[in-house]
Amino acid sequence: MIRFTHTSKRYPSGFDALQDVNFHMPPGQMAFLTGHSGAGKSTLLKLIALLERCSRGQVFVNGQNLAKVSRRRIPYFRRNIGIIFQDHQLLFDRTVFDNVALPLIIAGESQRAIGKRVRAALDKVGLLGKEKSYPITLSGGEQQRVGIARAVVNKPLLLLADEPTGNLDPELSREIMQLFEAFSQVGVTVLIATHDLSLIKTLPYRILTLKDAALVADTDPST
Amino acid sequence: MSSRNHTPRRNPLSVLHVYVLRHLQVFFYSLGQLSRQPFATLMTVAVIGIALALPTGLHVILKNAQQLSGGWDGVAQISLFLKRSTTDKQARHLADQIRSLSDITTVSYISRDEALAEFRRLSGFGNALEALKDNPLPAVLVVRPAWQDNDPTAADRLLGRLQQFPAVDIAQLDMQWVKRLFVIMDIVRRGVLVLAALLALAVLLVVGNTIRLAIQNRRDEIVVMKLIGGTDAFIRRPFLYTGFWYGLLGGAIAWLLVNLSLSVLGGPIEQLAGLYQHRFAVTGLDLSATLLLLLFSILLGLTGSWLAVGRHLRDIEPS
């Protein structure tokens with residue numbers, strides 16, 4: 001699903017964010033990406049979502065070489081990836097329902113399909129009763145779950161999460177992780193960047209560790 | 001991941017239906033956004049309206065002036081002011097003489113008494129005339145030449161010939177001032193065009209700047225849209241419709257301002273025309289002019305927002 005081959009990213013400032021990274025994630029796998037801050041976790045996710053382009057090597061997502069995706073095609077490419085942010089990136093002037101519906105509206109779905117799928121997504125994250133609320137009235141954990149609902153409402157094949165539990169207490173963090181596990185179990189590929197080592201060590205998933213822009217460890221308890 | 005085999009294919013008709021529905025939604029959504037900030041919207045729209053009302057109003061004035069002067073179009077006439085010693089009989093004889101010349105269509109005689117009566121009636125200085133013992137006005141022969149107004153040398157030749165008659169005091173080509181008026185109107189018309197072009201540019205900048213601010217205010221929203229796969233066209237759409245509304249509302253205000261001004265000015269102008277014994281009704285903006293004004297202002301609004309969106313949307317990228 002995701003393949004990095006000798007991938008490097010150097011920012012225009014001359015800063016090397018990633019150097020010669022190689023790994024492969026098969027479809028349906030769930031993995032954590034960890035490392036100290038500034039190690040390149042966010043950059044790696046950005047390369048997958050085409051928020052940045054690599055300066056050397058290649059990135060493949062679902063067999064597609066991202067270097068060949070033109071600027072105009074990027075929106076259509078992103079519609080097949082669900083992205084979850086630490087700061088949620090919700091629109092505070094719209095209801096929970098409208099926030100979650102946004103990807104479907106962008107994709108041009110019919111009104112009926114939108115209603116059905118938004119409610120299904122909200123049901124999955126346990127927020128069905130909150131669809132008419134505004135995000136500002138929700139707790140941090142609830143806001144994050146709205147963000148997750150929005151990311152999965154399109155039924156993407158790939159979920160990326162950047163520090164999804166960054167601002168949450170351990171209890172809420174575990175709940176969020178359980179949500180990701182649920183998506184993984186239905187075949188979605190999930191890659192989560194986090195520095196919450198104490199949490200992920202208890203979970204039976206692959207861990208990719210970045211240090212100073214290089215991939216230094218790749219442990220997978222299932223093999 | 002270009003293949004989306006996990007979503008069922010939709011038939012083209014329902015895709016079109018959804019597309020039209022989305023446009024309608026954005027159409028009214030952008031209007032709703034504007035109505036949420038009525039004061040700011042009103043300010044912008046008023047600026048556009050005033051900027052458009054100016055050339056539109058001048059255009060209306062010009063059109064009325066043209067209508068007013070239209071009756072004189074192509075009429076060249078020569079007034080022969082006769083010496084005061086000329087008798088009625090001599091004058092009539094001279095008229096016959098001139099009538100027999102070539103290049104003359106009509107000659108009409110206005111006696112001194114008639115001239116006085118007309119002056120009394122038209123000038124409004126009738127009372128002043130009472131103070132004079134004598135009628136100060138000369139008799140006039142109004143000569144209409146057969147030639148067209150585009151030959152100044154022929155006019156001069158005829159003028160010279162008419163001047164030769166001993167009874168003629170002054171021969172005056174009345175065409176001159178009509179010509180001057182036309183030239184002046186042409187200058188004014190071009191001035192209005194230049195002014196309209198400049199003000200159109202101003203409207204473009206006003207809309208562009210307003211949309212630029214709107215884009216900046218909604219930067220977060222644009223970033224989110226881009227993150228979840230919104231195309232440029234999708235993100236652009238609400239801003240373009242906002243520009244459309246600015247244009248339409250600005251045009252409507254311009255229309256209102258012009259018509260208001262005309263209704264304020266219309267009464268006195270008709271009174272003034274009445275004083276000149278002229279039946280004259282001020283014509284406002286007709287339907288086609290109104291539609292043209294609205295169309296033009298909408299076009300300006302759209303273009304202004306298009307320029308702003310094209311320039312600033314690309315700068316906003318999620319990071």
# chains A, B, ... in the order shown; residues from 1 in each chain; ligands from 1

$ select_by_dssp --residues "region 44-123 of chain B" --states "strand (DSSP E or B)" --output "NGL selection string"
:B and (78-82 or 104-110)

$ interface_residues --of "chain A" --to "chain B" --cutoff "9 Å" --atoms "only C-alpha atoms" --output "number ranges by chain"
A: 46, 49, 51-52, 61-64, 72-83, 89-91, 102-103, 105-111, 150-151, 155-157

$ write_last_selection --atoms "N, CA and C atoms" --output "short mmCIF file (atom, residue, chain, number, x, y, z; two decimals), in the first residue's frame"
data_model
loop_
_atom_site.label_atom_id
_atom_site.label_comp_id
_atom_site.auth_asym_id
_atom_site.auth_seq_id
_atom_site.Cartn_x
_atom_site.Cartn_y
_atom_site.Cartn_z
N LYS A 46 3.54 13.70 5.26
CA LYS A 46 3.25 14.71 4.23
C LYS A 46 3.62 14.19 2.85
N ALA A 49 0.76 12.02 1.71
CA ALA A 49 -0.46 12.75 1.37
C ALA A 49 -0.21 13.80 0.29
N LEU A 51 1.48 16.42 0.49
CA LEU A 51 1.58 17.79 0.99
C LEU A 51 2.98 18.31 0.72
N GLU A 52 3.90 17.37 0.55
CA GLU A 52 5.26 17.70 0.13
C GLU A 52 5.65 16.66 -0.91
N VAL A 61 2.07 4.91 -3.49
CA VAL A 61 0.88 4.67 -2.68
C VAL A 61 -0.10 3.91 -3.55
N ASN A 62 -0.49 2.75 -3.08
CA ASN A 62 -1.39 1.88 -3.84
C ASN A 62 -0.87 1.65 -5.26
N GLY A 63 0.44 1.46 -5.36
CA GLY A 63 1.05 1.16 -6.66
C GLY A 63 1.27 2.36 -7.55
N GLN A 64 0.91 3.52 -7.08
CA GLN A 64 1.04 4.72 -7.90
C GLN A 64 2.27 5.52 -7.49
N ARG A 72 -2.69 19.15 -10.51
CA ARG A 72 -4.14 19.17 -10.71
C ARG A 72 -4.81 17.91 -10.20
N ARG A 73 -4.07 16.80 -10.20
CA ARG A 73 -4.68 15.53 -9.79
C ARG A 73 -4.59 15.33 -8.27
N ILE A 74 -3.82 16.18 -7.57
CA ILE A 74 -3.62 15.98 -6.14
C ILE A 74 -4.94 15.89 -5.36
N PRO A 75 -5.91 16.83 -5.61
CA PRO A 75 -7.16 16.71 -4.84
C PRO A 75 -7.82 15.35 -4.98
N TYR A 76 -7.85 14.82 -6.21
CA TYR A 76 -8.50 13.52 -6.42
C TYR A 76 -7.72 12.41 -5.72
N PHE A 77 -6.39 12.55 -5.69
CA PHE A 77 -5.56 11.58 -4.99
C PHE A 77 -5.86 11.62 -3.49
N ARG A 78 -5.99 12.83 -2.95
CA ARG A 78 -6.19 12.95 -1.49
C ARG A 78 -7.54 12.43 -1.04
N ARG A 79 -8.51 12.41 -1.96
CA ARG A 79 -9.84 11.93 -1.55
C ARG A 79 -9.81 10.47 -1.13
N ASN A 80 -8.76 9.77 -1.52
CA ASN A 80 -8.69 8.36 -1.17
C ASN A 80 -7.84 8.11 0.06
N ILE A 81 -7.41 9.18 0.71
CA ILE A 81 -6.66 9.05 1.95
C ILE A 81 -7.42 9.80 3.04
N GLY A 82 -7.59 9.15 4.18
CA GLY A 82 -8.17 9.86 5.31
C GLY A 82 -7.03 10.40 6.16
N ILE A 83 -7.05 11.69 6.44
CA ILE A 83 -5.97 12.26 7.23
C ILE A 83 -6.53 12.81 8.54
N GLN A 89 -8.22 20.21 12.75
CA GLN A 89 -8.55 20.92 11.51
C GLN A 89 -10.04 20.87 11.20
N LEU A 90 -10.85 21.16 12.21
CA LEU A 90 -12.30 21.23 11.98
C LEU A 90 -12.68 22.66 11.65
N LEU A 91 -13.85 22.81 11.01
CA LEU A 91 -14.37 24.15 10.73
C LEU A 91 -15.34 24.51 11.83
N LEU A 102 -18.22 17.19 4.66
CA LEU A 102 -17.41 17.96 3.71
C LEU A 102 -16.73 17.12 2.63
N PRO A 103 -16.04 16.02 2.99
CA PRO A 103 -15.40 15.23 1.93
C PRO A 103 -16.40 14.69 0.91
N ILE A 105 -19.32 16.12 0.12
CA ILE A 105 -19.79 17.25 -0.69
C ILE A 105 -18.75 17.55 -1.78
N ILE A 106 -17.49 17.54 -1.36
CA ILE A 106 -16.41 17.80 -2.31
C ILE A 106 -16.41 16.75 -3.42
N ALA A 107 -16.69 15.50 -3.04
CA ALA A 107 -16.68 14.43 -4.03
C ALA A 107 -17.96 14.41 -4.86
N GLY A 108 -18.92 15.29 -4.53
CA GLY A 108 -20.13 15.38 -5.33
C GLY A 108 -21.13 14.26 -5.08
N GLU A 109 -21.22 13.81 -3.85
CA GLU A 109 -22.19 12.76 -3.53
C GLU A 109 -23.60 13.37 -3.45
N SER A 110 -24.60 12.54 -3.61
CA SER A 110 -25.97 13.02 -3.53
C SER A 110 -26.35 13.25 -2.07
N GLN A 111 -27.35 14.08 -1.87
CA GLN A 111 -27.76 14.47 -0.53
C GLN A 111 -28.13 13.26 0.33
N ARG A 150 -14.65 12.37 9.90
CA ARG A 150 -14.49 13.03 8.62
C ARG A 150 -13.47 12.29 7.75
N ALA A 151 -12.43 11.75 8.39
CA ALA A 151 -11.40 11.07 7.63
C ALA A 151 -11.89 9.75 7.04
N LYS A 155 -14.71 6.34 3.15
CA LYS A 155 -14.23 4.96 3.09
C LYS A 155 -12.89 4.87 2.36
N PRO A 156 -11.89 5.58 2.88
CA PRO A 156 -10.59 5.55 2.21
C PRO A 156 -9.89 4.21 2.45
N LEU A 157 -8.94 3.90 1.56
CA LEU A 157 -8.18 2.67 1.73
C LEU A 157 -7.03 2.88 2.70
#

$ atom_distance --atom1 "CA of Ile2 (chain A)" --atom2 "CA of Glu175 (chain A)"
25.8 Å

$ atom_distance --atom1 "CA of Val59 (chain A)" --atom2 "CA of Gly166 (chain A)"
26.6 Å

$ atom_distance --atom1 "CA of Thr41 (chain B)" --atom2 "CA of Ser297 (chain B)"
15.6 Å

$ select_by_dssp --residues "region 22-183 of chain A" --states "alpha helix (DSSP H)" --output "ChimeraX atom specification"
/A:41-48,74-78,96-106,111-124,140-152,170-183

$ residues_around --residues "Leu66 (chain A)" --least-positions-apart "2" --cutoff "9 Å" --atoms "only C-alpha atoms" --output "ChimeraX atom specification"
/A:47-48,50,53,58-61,64,68-70

$ closest_residue --among "B:Thr242, B:Asn259, B:Ser30, B:Gln90" --to "Ile298 (chain B)" --atoms "only C-alpha atoms"
B:Thr242

$ residues_around --residues "region 202-207 of chain B" --least-positions-apart "2" --cutoff "6 Å" --atoms "only C-alpha atoms" --output "list in words"
Ile48, Leu199, Ala200, Asn209, Thr210, Leu300 and Gly304 of chain B

$ residues_around --residues "Gln29 (chain A)" --least-positions-apart "5" --cutoff "8 Å" --atoms "only C-alpha atoms" --output "list in words"
Ser184, Gly187, Val188, Thr189 and Val190 of chain A

$ residues_around --residues "Pro136 (chain B)" --least-positions-apart "2" --cutoff "9 Å" --atoms "only C-alpha atoms" --output "PDB file with C-alpha atoms, in the first residue's frame"
ATOM      1  CA  ARG B  84     -33.606  98.740 -39.433  1.00  0.00           C
ATOM      2  CA  ARG B 112     -39.860  93.370 -36.572  1.00  0.00           C
ATOM      3  CA  LEU B 116     -40.710  91.440 -30.851  1.00  0.00           C
ATOM      4  CA  LEU B 129     -39.213  95.824 -23.446  1.00  0.00           C
ATOM      5  CA  LEU B 132     -38.268 100.956 -24.489  1.00  0.00           C
ATOM      6  CA  LYS B 133     -40.106 103.341 -26.714  1.00  0.00           C
ATOM      7  CA  ASP B 134     -38.906 101.747 -29.886  1.00  0.00           C
ATOM      8  CA  PRO B 138     -34.394  93.948 -36.590  1.00  0.00           C
TER       9      PRO B 138
END

$ closest_atom_pairs --of "region 6-119 of chain A" --to "region 210-216 of chain A" --cutoff "8 Å" --atoms "only C-alpha atoms" --output "tab-separated table"
residue	atom	partner	partner_atom	distance
A:Asp16	CA	A:Ala213	CA	6.8
A:Ala17	CA	A:Ala213	CA	5.1
A:Leu18	CA	A:Ala213	CA	4.1
A:Gln19	CA	A:Ala214	CA	5.4
A:Asp20	CA	A:Ala214	CA	6.8
A:Val21	CA	A:Leu215	CA	5.8
A:Asn22	CA	A:Leu215	CA	7.6
A:Leu33	CA	A:Leu210	CA	7.4
A:Thr34	CA	A:Leu210	CA	6.1
A:Gly35	CA	A:Leu210	CA	4.9
A:His36	CA	A:Lys211	CA	6.9
A:Gly38	CA	A:Asp212	CA	7.4
A:Ala39	CA	A:Asp212	CA	4.8
A:Gly40	CA	A:Ala213	CA	5.3
A:Lys41	CA	A:Leu210	CA	7.0

$ write_last_selection --atoms "C-alpha atoms" --output "mmCIF file, in the first residue's frame"
data_model
loop_
_atom_site.group_PDB
_atom_site.id
_atom_site.type_symbol
_atom_site.label_atom_id
_atom_site.label_comp_id
_atom_site.auth_asym_id
_atom_site.auth_seq_id
_atom_site.Cartn_x
_atom_site.Cartn_y
_atom_site.Cartn_z
ATOM 1 C CA ASP A 16 17.333 17.225 5.617
ATOM 2 C CA ALA A 17 14.039 15.959 7.013
ATOM 3 C CA LEU A 18 14.351 12.429 5.649
ATOM 4 C CA GLN A 19 17.375 10.571 4.343
ATOM 5 C CA ASP A 20 17.282 7.367 2.346
ATOM 6 C CA VAL A 21 14.160 5.905 3.910
ATOM 7 C CA ASN A 22 13.050 2.435 2.748
ATOM 8 C CA LEU A 33 5.614 5.820 13.214
ATOM 9 C CA THR A 34 7.614 7.156 16.091
ATOM 10 C CA GLY A 35 10.703 9.149 16.934
ATOM 11 C CA HIS A 36 11.715 12.327 18.707
ATOM 12 C CA GLY A 38 11.930 16.780 14.403
ATOM 13 C CA ALA A 39 12.919 13.243 13.437
ATOM 14 C CA GLY A 40 10.819 13.429 10.279
ATOM 15 C CA LYS A 41 7.522 11.806 11.249
#

$ closest_residue --among "A:Gly129, A:Gly57, A:Gly115, A:Pro135" --to "Arg94 (chain A)" --atoms "only C-alpha atoms"
A:Pro135

$ closest_residue --among "A:Leu159, A:Ala149, A:Leu197, A:Cys54" --to "Leu122 (chain A)" --atoms "only C-alpha atoms"
A:Ala149

$ residues_around --residues "Asp123 (chain A)" --least-positions-apart "3" --cutoff "12 Å" --atoms "only C-alpha atoms" --output "mmCIF file with N, CA and C atoms, in the first residue's frame"
data_model
loop_
_atom_site.group_PDB
_atom_site.id
_atom_site.type_symbol
_atom_site.label_atom_id
_atom_site.label_comp_id
_atom_site.auth_asym_id
_atom_site.auth_seq_id
_atom_site.Cartn_x
_atom_site.Cartn_y
_atom_site.Cartn_z
ATOM 1 N N PHE A 97 -22.143 17.620 11.791
ATOM 2 C CA PHE A 97 -22.632 16.950 10.582
ATOM 3 C C PHE A 97 -21.973 17.551 9.342
ATOM 4 N N VAL A 100 -18.287 16.639 8.945
ATOM 5 C CA VAL A 100 -18.056 15.260 8.490
ATOM 6 C C VAL A 100 -18.505 15.098 7.036
ATOM 7 N N LYS A 116 -26.756 9.439 4.910
ATOM 8 C CA LYS A 116 -26.584 8.071 5.374
ATOM 9 C C LYS A 116 -25.151 7.827 5.845
ATOM 10 N N ARG A 117 -24.197 8.276 5.028
ATOM 11 C CA ARG A 117 -22.812 7.930 5.314
ATOM 12 C C ARG A 117 -22.250 8.764 6.468
ATOM 13 N N VAL A 118 -22.712 10.011 6.583
ATOM 14 C CA VAL A 118 -22.247 10.824 7.703
ATOM 15 C C VAL A 118 -22.720 10.205 9.017
ATOM 16 N N ARG A 119 -23.969 9.795 9.037
ATOM 17 C CA ARG A 119 -24.489 9.198 10.274
ATOM 18 C C ARG A 119 -23.781 7.879 10.589
ATOM 19 N N ALA A 120 -23.466 7.124 9.528
ATOM 20 C CA ALA A 120 -22.737 5.871 9.750
ATOM 21 C C ALA A 120 -21.358 6.163 10.350
ATOM 22 N N GLY A 126 -18.989 6.993 17.752
ATOM 23 C CA GLY A 126 -19.791 7.184 18.949
ATOM 24 C C GLY A 126 -20.261 8.606 19.180
ATOM 25 N N LEU A 127 -20.546 9.332 18.100
ATOM 26 C CA LEU A 127 -20.987 10.724 18.246
ATOM 27 C C LEU A 127 -22.320 10.973 17.548
ATOM 28 N N LEU A 128 -23.101 9.907 17.405
ATOM 29 C CA LEU A 128 -24.322 10.043 16.607
ATOM 30 C C LEU A 128 -25.247 11.128 17.155
ATOM 31 N N GLY A 129 -25.245 11.293 18.469
ATOM 32 C CA GLY A 129 -26.154 12.272 19.053
ATOM 33 C C GLY A 129 -25.696 13.717 18.906
ATOM 34 N N LYS A 130 -24.467 13.893 18.421
ATOM 35 C CA LYS A 130 -23.890 15.247 18.433
ATOM 36 C C LYS A 130 -23.875 15.907 17.055
ATOM 37 N N GLU A 131 -24.594 15.348 16.106
ATOM 38 C CA GLU A 131 -24.423 15.834 14.729
ATOM 39 C C GLU A 131 -24.827 17.298 14.560
ATOM 40 N N ARG A 145 -12.595 12.803 17.564
ATOM 41 C CA ARG A 145 -13.409 11.758 16.946
ATOM 42 C C ARG A 145 -14.203 12.301 15.760
ATOM 43 N N VAL A 146 -14.569 13.586 15.819
ATOM 44 C CA VAL A 146 -15.201 14.208 14.644
ATOM 45 C C VAL A 146 -14.204 14.189 13.481
ATOM 46 N N ILE A 148 -11.839 12.106 13.036
ATOM 47 C CA ILE A 148 -11.705 10.730 12.537
ATOM 48 C C ILE A 148 -12.917 10.364 11.664
ATOM 49 N N ALA A 149 -14.091 10.773 12.123
ATOM 50 C CA ALA A 149 -15.301 10.495 11.330
ATOM 51 C C ALA A 149 -15.171 11.124 9.946
ATOM 52 N N ARG A 150 -14.651 12.366 9.904
ATOM 53 C CA ARG A 150 -14.486 13.031 8.617
ATOM 54 C C ARG A 150 -13.470 12.293 7.746
ATOM 55 N N VAL A 152 -12.840 9.109 7.721
ATOM 56 C CA VAL A 152 -13.252 7.777 7.254
ATOM 57 C C VAL A 152 -14.578 7.801 6.491
ATOM 58 N N VAL A 153 -15.238 8.964 6.447
ATOM 59 C CA VAL A 153 -16.576 9.003 5.850
ATOM 60 C C VAL A 153 -16.521 8.635 4.370
ATOM 61 N N LEU A 179 -10.391 2.746 18.073
ATOM 62 C CA LEU A 179 -11.093 3.111 16.847
ATOM 63 C C LEU A 179 -10.250 2.760 15.620
#
